[in-house]
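These notes are about the structure you will find just below.
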Amino acid sequence: MKNLIVLFLILSGTVCSAQLFNPQSKDITSEYFPDFETDIHTPAFRKKRGFTTYSEMMSFLEPLVRQHQKLTELSYIGKSQKGLSIPQLVLTNPESSQAKIKVWIQAGIHGNEPASTEGVLYLIQRLLEDESYRVLLDKLEIGIIPMANIDGFNKQLRHAANGLDLNRDQTKLVAPESVALKQAFTNFGAEVALDFHEFRPFRRDYLQMGTFGLTNAYDVMFLYTGNLNVSDTLRAYTRTPFVNNAEKLLKDNGLRTHAYFTAADHQGYTVFNQGSVNARSSATSYALSNCVSTLVEVRGIGLGRTSFKRRTMTTFLTALSYIQTAAAESGSIKKVLQKSLEQLNNAKAVI
């Protein structure tokens, strides 16, 4: 068990409590998860409480679209169960003659993961207003769903209005939001796809570890498919260069990273699982369409506004790294995807 704790770099509850009660030291949050000094002017940072609502998001996006009409197209892919229109933005420079790589970015499919949407809103703003980032649109066409689960997000609840987890509904397609999202993704034809989430750092599975239990120490974890119906070429290419480049940028900014894992209690033992093969969630669902696919989990569920700027910046920096890599790899991505497709056509399906 000690080896597992060292392997995953999980902070022990004993260390946490010592930091909390030692008057000569900082508390655990400021010690291990200090916030960024960056000024962010997205909706949630314009108020002291709560998170961005659907109406606040639209009031933020619509002026940006009007100010940058040549670079931005706003459309609606369908309606939530409460009748709210689900927005999709497409960002690109139509005046650039370069062949474009299509990058899909989705956030807010779980309504209680607010840094996913906030980081993506900040990304949209920076791409449109910062010239050093705007040049990326010469090589890319970026499709963005900033708030996939509007009804859940407005109430800060994980599930959609009918109680379904939309990230477990990508094969059955029971919810109308799932159908709209799947159709929009298919129509877009993504070559690189990102789905942003937050994870719960304090889990009951960790309570038996250490004197006071443990908390996950990572700022972000990367989930990329292990499904054998996705070619080994594509799975390897997702890791190198995309995940590797993102990890470097995040670590350069003082953030901790790891491959995604979950824990579960099994007959008194804590068992760690890593990776995903199930097509009902986006990491595999997207990859099975033959694109570079990653589900990104940022430390956040249950923290409220604590470390919210750090979580938002983690989302932003991860998205930025992926689109920078996509632009830098624009000459290689299509070749890799073609090779991957050829491998799949020559292989037997794994059931």
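Scheme for the structure tokens: letters A, B, ... for chains in order shown; per-chain residue numbers from 1; ligand numbers from 1 in order shown.
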- Message: Need the shell around stretch 256-267 of chain A: protein/DNA/RNA residues with any atom at most 6 Å away, counting only C-alpha atoms. Skip same-chain ones fewer than 3 positions apart. Format as a VMD selection string?
- Response: chain A and resid 205 218 to 223 270 to 274
Requested write-out: N, CA, C and O atoms of the selected residues, as a CSV table (one decimal), in the first residue's frame:
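Wrote again-v3.csv, looks like this:
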```csv
chain,number,residue,atom,x,y,z
A,205,ASP,N,-12.7,6.2,-0.8
A,205,ASP,CA,-11.8,5.1,-1.0
A,205,ASP,C,-10.4,5.4,-0.3
A,205,ASP,O,-9.7,4.5,0.0
A,218,TYR,N,-3.0,15.6,-7.7
A,218,TYR,CA,-2.8,16.1,-9.0
A,218,TYR,C,-3.7,17.2,-9.4
A,218,TYR,O,-4.9,17.2,-9.0
A,219,ASP,N,-3.3,18.1,-10.2
A,219,ASP,CA,-4.1,19.2,-10.7
A,219,ASP,C,-4.9,18.7,-11.9
A,219,ASP,O,-6.0,19.2,-12.2
A,220,VAL,N,-4.3,17.8,-12.7
A,220,VAL,CA,-5.0,17.3,-13.9
A,220,VAL,C,-4.5,15.9,-14.2
A,220,VAL,O,-3.4,15.5,-14.0
A,221,MET,N,-5.5,15.1,-14.7
A,221,MET,CA,-5.2,13.7,-15.1
A,221,MET,C,-5.8,13.5,-16.5
A,221,MET,O,-6.8,14.0,-16.8
A,222,PHE,N,-5.0,12.8,-17.3
A,222,PHE,CA,-5.4,12.6,-18.7
A,222,PHE,C,-5.9,11.2,-18.9
A,222,PHE,O,-5.3,10.2,-18.6
A,223,LEU,N,-7.1,11.1,-19.5
A,223,LEU,CA,-7.7,9.8,-19.9
A,223,LEU,C,-7.8,9.6,-21.4
A,223,LEU,O,-8.4,10.4,-22.1
A,270,THR,N,-7.8,-1.2,-1.2
A,270,THR,CA,-8.0,-0.1,-2.2
A,270,THR,C,-7.4,-0.5,-3.5
A,270,THR,O,-6.2,-0.7,-3.5
A,271,VAL,N,-8.2,-0.6,-4.6
A,271,VAL,CA,-7.7,-1.0,-5.9
A,271,VAL,C,-7.7,0.2,-6.8
A,271,VAL,O,-8.7,0.9,-6.9
A,272,PHE,N,-6.6,0.4,-7.5
A,272,PHE,CA,-6.5,1.5,-8.4
A,272,PHE,C,-6.7,1.0,-9.9
A,272,PHE,O,-6.1,0.0,-10.2
A,273,ASN,N,-7.5,1.7,-10.6
A,273,ASN,CA,-7.7,1.3,-12.0
A,273,ASN,C,-7.3,2.5,-12.9
A,273,ASN,O,-7.5,3.7,-12.6
A,274,GLN,N,-6.6,2.2,-14.0
A,274,GLN,CA,-6.2,3.3,-14.9
A,274,GLN,C,-6.7,3.0,-16.3
A,274,GLN,O,-6.6,1.9,-16.8
```
- Message: So that I can see what lies close to A:Val292, please list as a list of chain:residue names the residues with an atom at most 9 Å from it, counting only C-alpha atoms and leaving out residues fewer than 4 positions away in the same chain.
- Response: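 The residues that qualify are A:Ala190, A:Glu191, A:Val192, A:Ala193, A:Leu194, A:Tyr224, A:Leu234, A:Arg235, A:Tyr237, A:Thr238, A:Phe242, A:Tyr286, A:Ala287, A:Ile333, A:Leu337.
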- Gap from atom CA of A:Gln88 to atom CA of A:Ala148 - Å, one decimal: 9.3 Å
- Would you mind reading off the distance between atom CA of A:Leu250 and atom CA of A:His197, one decimal, in Å?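 One can read the atom CA of A:Leu250 to atom CA of A:His197 distance as 16.3 Å.
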- Pick out the residues sitting within 9 Å of stretch 46-49 of chain A, and hand them over as a ChimeraX atom specification; count only C-alpha atoms, and ignore anything fewer than 5 positions along from it in its own chain. /A:40-41,305
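Using only C-alpha atoms, the nearest neighbour of A:Leu317 within the list A:Thr284, A:Ser178, A:Asn227, A:Asn245 is A:Asn245.
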- Task: Tell me which of A:Asp151, A:Asp138, A:Glu62, A:Glu177 sits closest to A:Leu121, counting only C-alpha atoms.
- Result: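 Smallest separation from A:Leu121 among the options: A:Glu62.
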- Mind the document's chain letters and residue numbers, and return as number ranges by chain the residues of stretch 275-345 of chain A that DSSP labels alpha helix (DSSP H). A: 282-287, 308-328, 330-345
Can you list every residue in stretch 65-223 of chain A that DSSP puts in strand (DSSP E), as a PDB file with N, CA and C atoms, in the first residue's frame?
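As written to disk, states-v1.pdb reads:
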```pdb
ATOM      1  N   THR A  72     -15.370  34.022 -36.089  1.00  0.00           N
ATOM      2  CA  THR A  72     -16.254  33.249 -35.212  1.00  0.00           C
ATOM      3  C   THR A  72     -17.630  33.039 -35.825  1.00  0.00           C
ATOM      4  N   GLU A  73     -18.139  31.821 -35.675  1.00  0.00           N
ATOM      5  CA  GLU A  73     -19.516  31.535 -36.056  1.00  0.00           C
ATOM      6  C   GLU A  73     -20.220  30.905 -34.863  1.00  0.00           C
ATOM      7  N   LEU A  74     -21.346  31.468 -34.465  1.00  0.00           N
ATOM      8  CA  LEU A  74     -22.139  30.931 -33.366  1.00  0.00           C
ATOM      9  C   LEU A  74     -23.405  30.302 -33.926  1.00  0.00           C
ATOM     10  N   SER A  75     -23.643  29.046 -33.556  1.00  0.00           N
ATOM     11  CA  SER A  75     -24.864  28.354 -33.970  1.00  0.00           C
ATOM     12  C   SER A  75     -25.382  27.551 -32.780  1.00  0.00           C
ATOM     13  N   TYR A  76     -26.509  26.886 -32.964  1.00  0.00           N
ATOM     14  CA  TYR A  76     -27.117  26.097 -31.882  1.00  0.00           C
ATOM     15  C   TYR A  76     -27.412  24.700 -32.402  1.00  0.00           C
ATOM     16  N   ILE A  77     -26.978  23.697 -31.647  1.00  0.00           N
ATOM     17  CA  ILE A  77     -27.039  22.322 -32.135  1.00  0.00           C
ATOM     18  C   ILE A  77     -28.301  21.592 -31.697  1.00  0.00           C
ATOM     19  N   GLY A  78     -29.073  22.172 -30.809  1.00  0.00           N
ATOM     20  CA  GLY A  78     -30.273  21.538 -30.286  1.00  0.00           C
ATOM     21  C   GLY A  78     -30.670  22.215 -28.989  1.00  0.00           C
ATOM     22  N   LYS A  79     -31.602  21.618 -28.265  1.00  0.00           N
ATOM     23  CA  LYS A  79     -32.081  22.206 -27.022  1.00  0.00           C
ATOM     24  C   LYS A  79     -31.906  21.241 -25.856  1.00  0.00           C
ATOM     25  N   SER A  85     -31.193  26.575 -25.689  1.00  0.00           N
ATOM     26  CA  SER A  85     -30.424  26.238 -26.891  1.00  0.00           C
ATOM     27  C   SER A  85     -28.958  26.005 -26.555  1.00  0.00           C
ATOM     28  N   ILE A  86     -28.423  24.900 -27.071  1.00  0.00           N
ATOM     29  CA  ILE A  86     -27.026  24.513 -26.800  1.00  0.00           C
ATOM     30  C   ILE A  86     -26.119  25.173 -27.834  1.00  0.00           C
ATOM     31  N   PRO A  87     -25.233  26.089 -27.407  1.00  0.00           N
ATOM     32  CA  PRO A  87     -24.408  26.819 -28.373  1.00  0.00           C
ATOM     33  C   PRO A  87     -23.178  26.040 -28.822  1.00  0.00           C
ATOM     34  N   GLN A  88     -22.819  26.258 -30.069  1.00  0.00           N
ATOM     35  CA  GLN A  88     -21.550  25.782 -30.615  1.00  0.00           C
ATOM     36  C   GLN A  88     -20.864  26.956 -31.296  1.00  0.00           C
ATOM     37  N   LEU A  89     -19.604  27.152 -30.970  1.00  0.00           N
ATOM     38  CA  LEU A  89     -18.806  28.165 -31.648  1.00  0.00           C
ATOM     39  C   LEU A  89     -17.787  27.478 -32.533  1.00  0.00           C
ATOM     40  N   VAL A  90     -17.554  28.034 -33.710  1.00  0.00           N
ATOM     41  CA  VAL A  90     -16.481  27.578 -34.586  1.00  0.00           C
ATOM     42  C   VAL A  90     -15.545  28.756 -34.801  1.00  0.00           C
ATOM     43  N   LEU A  91     -14.288  28.561 -34.452  1.00  0.00           N
ATOM     44  CA  LEU A  91     -13.279  29.607 -34.577  1.00  0.00           C
ATOM     45  C   LEU A  91     -12.265  29.203 -35.639  1.00  0.00           C
ATOM     46  N   ILE A 101      -6.626  21.882 -39.590  1.00  0.00           N
ATOM     47  CA  ILE A 101      -6.872  20.738 -38.729  1.00  0.00           C
ATOM     48  C   ILE A 101      -8.101  21.054 -37.876  1.00  0.00           C
ATOM     49  N   LYS A 102      -9.016  20.101 -37.781  1.00  0.00           N
ATOM     50  CA  LYS A 102     -10.249  20.329 -37.030  1.00  0.00           C
ATOM     51  C   LYS A 102     -10.104  19.827 -35.591  1.00  0.00           C
ATOM     52  N   VAL A 103     -10.264  20.758 -34.646  1.00  0.00           N
ATOM     53  CA  VAL A 103     -10.123  20.451 -33.220  1.00  0.00           C
ATOM     54  C   VAL A 103     -11.469  20.664 -32.530  1.00  0.00           C
ATOM     55  N   TRP A 104     -11.931  19.655 -31.832  1.00  0.00           N
ATOM     56  CA  TRP A 104     -13.203  19.706 -31.103  1.00  0.00           C
ATOM     57  C   TRP A 104     -12.918  19.872 -29.615  1.00  0.00           C
ATOM     58  N   ILE A 105     -13.575  20.822 -28.964  1.00  0.00           N
ATOM     59  CA  ILE A 105     -13.412  21.037 -27.536  1.00  0.00           C
ATOM     60  C   ILE A 105     -14.791  21.097 -26.895  1.00  0.00           C
ATOM     61  N   GLN A 106     -15.015  20.229 -25.915  1.00  0.00           N
ATOM     62  CA  GLN A 106     -16.301  20.170 -25.220  1.00  0.00           C
ATOM     63  C   GLN A 106     -16.086  20.361 -23.726  1.00  0.00           C
ATOM     64  N   ALA A 107     -17.017  21.054 -23.068  1.00  0.00           N
ATOM     65  CA  ALA A 107     -16.942  21.268 -21.627  1.00  0.00           C
ATOM     66  C   ALA A 107     -18.339  21.233 -21.036  1.00  0.00           C
ATOM     67  N   LEU A 140      -6.006  26.120 -37.907  1.00  0.00           N
ATOM     68  CA  LEU A 140      -6.979  25.293 -37.206  1.00  0.00           C
ATOM     69  C   LEU A 140      -8.399  25.770 -37.437  1.00  0.00           C
ATOM     70  N   GLU A 141      -9.316  24.832 -37.371  1.00  0.00           N
ATOM     71  CA  GLU A 141     -10.738  25.135 -37.248  1.00  0.00           C
ATOM     72  C   GLU A 141     -11.189  24.491 -35.943  1.00  0.00           C
ATOM     73  N   ILE A 142     -11.586  25.315 -34.988  1.00  0.00           N
ATOM     74  CA  ILE A 142     -11.861  24.833 -33.637  1.00  0.00           C
ATOM     75  C   ILE A 142     -13.358  24.899 -33.366  1.00  0.00           C
ATOM     76  N   GLY A 143     -13.976  23.744 -33.153  1.00  0.00           N
ATOM     77  CA  GLY A 143     -15.388  23.671 -32.783  1.00  0.00           C
ATOM     78  C   GLY A 143     -15.506  23.515 -31.279  1.00  0.00           C
ATOM     79  N   ILE A 144     -16.294  24.374 -30.641  1.00  0.00           N
ATOM     80  CA  ILE A 144     -16.353  24.414 -29.180  1.00  0.00           C
ATOM     81  C   ILE A 144     -17.796  24.340 -28.690  1.00  0.00           C
ATOM     82  N   ILE A 145     -18.047  23.393 -27.796  1.00  0.00           N
ATOM     83  CA  ILE A 145     -19.295  23.329 -27.035  1.00  0.00           C
ATOM     84  C   ILE A 145     -18.938  23.728 -25.604  1.00  0.00           C
ATOM     85  N   VAL A 192      -8.869  16.095 -33.860  1.00  0.00           N
ATOM     86  CA  VAL A 192      -8.383  16.140 -32.481  1.00  0.00           C
ATOM     87  C   VAL A 192      -9.586  16.502 -31.618  1.00  0.00           C
ATOM     88  N   ALA A 193      -9.782  15.803 -30.497  1.00  0.00           N
ATOM     89  CA  ALA A 193     -10.956  16.062 -29.662  1.00  0.00           C
ATOM     90  C   ALA A 193     -10.585  16.059 -28.185  1.00  0.00           C
ATOM     91  N   LEU A 194     -11.127  17.048 -27.459  1.00  0.00           N
ATOM     92  CA  LEU A 194     -10.904  17.195 -26.020  1.00  0.00           C
ATOM     93  C   LEU A 194     -12.244  17.308 -25.313  1.00  0.00           C
ATOM     94  N   ASP A 195     -12.370  16.647 -24.175  1.00  0.00           N
ATOM     95  CA  ASP A 195     -13.562  16.761 -23.348  1.00  0.00           C
ATOM     96  C   ASP A 195     -13.102  17.087 -21.933  1.00  0.00           C
ATOM     97  N   PHE A 196     -13.509  18.260 -21.418  1.00  0.00           N
ATOM     98  CA  PHE A 196     -13.019  18.725 -20.119  1.00  0.00           C
ATOM     99  C   PHE A 196     -13.981  18.405 -18.991  1.00  0.00           C
ATOM    100  N   HIS A 197     -13.400  17.921 -17.890  1.00  0.00           N
ATOM    101  CA  HIS A 197     -14.134  17.530 -16.690  1.00  0.00           C
ATOM    102  C   HIS A 197     -13.374  18.022 -15.456  1.00  0.00           C
ATOM    103  N   GLU A 198     -13.993  17.779 -14.281  1.00  0.00           N
ATOM    104  CA  GLU A 198     -13.280  17.903 -13.005  1.00  0.00           C
ATOM    105  C   GLU A 198     -13.490  16.614 -12.222  1.00  0.00           C
ATOM    106  N   PHE A 199     -12.524  16.274 -11.361  1.00  0.00           N
ATOM    107  CA  PHE A 199     -12.647  15.065 -10.548  1.00  0.00           C
ATOM    108  C   PHE A 199     -12.678  15.444  -9.066  1.00  0.00           C
ATOM    109  N   LEU A 214      -6.575  10.561   2.797  1.00  0.00           N
ATOM    110  CA  LEU A 214      -5.709  11.178   1.798  1.00  0.00           C
ATOM    111  C   LEU A 214      -6.498  12.047   0.834  1.00  0.00           C
ATOM    112  N   THR A 215      -5.781  12.901   0.118  1.00  0.00           N
ATOM    113  CA  THR A 215      -6.371  13.652  -0.980  1.00  0.00           C
ATOM    114  C   THR A 215      -5.494  13.508  -2.208  1.00  0.00           C
ATOM    115  N   VAL A 220      -4.304  17.773 -12.687  1.00  0.00           N
ATOM    116  CA  VAL A 220      -4.967  17.306 -13.905  1.00  0.00           C
ATOM    117  C   VAL A 220      -4.542  15.873 -14.201  1.00  0.00           C
ATOM    118  N   MET A 221      -5.501  15.086 -14.681  1.00  0.00           N
ATOM    119  CA  MET A 221      -5.216  13.715 -15.099  1.00  0.00           C
ATOM    120  C   MET A 221      -5.777  13.508 -16.502  1.00  0.00           C
ATOM    121  N   PHE A 222      -5.030  12.761 -17.311  1.00  0.00           N
ATOM    122  CA  PHE A 222      -5.364  12.560 -18.719  1.00  0.00           C
ATOM    123  C   PHE A 222      -5.908  11.154 -18.939  1.00  0.00           C
ATOM    124  N   LEU A 223      -7.091  11.081 -19.546  1.00  0.00           N
ATOM    125  CA  LEU A 223      -7.699   9.795 -19.864  1.00  0.00           C
ATOM    126  C   LEU A 223      -7.759   9.638 -21.376  1.00  0.00           C
TER     127      LEU A 223
END
```
- Task: Pick out the residues sitting within 12 Å of A:Pro114, and hand them over as a count of residues only; count only C-alpha atoms, and ignore anything fewer than 5 positions along from it in its own chain.
- Result: 47
- Message: I'd like the neighbourhood of A:Phe60 as a PyMOL selection string, where a residue qualifies if any of its atoms comes within 8 Å (using only C-alpha atoms), though same-chain residues fewer than 4 positions away should be ignored.
- Response: chain A and resi 42-43+56+64
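Shortest atom-to-atom contact with A:Lys82 among A:Leu173, A:Ala161, A:Val277, A:Leu341: A:Ala161, counting only C-alpha atoms.
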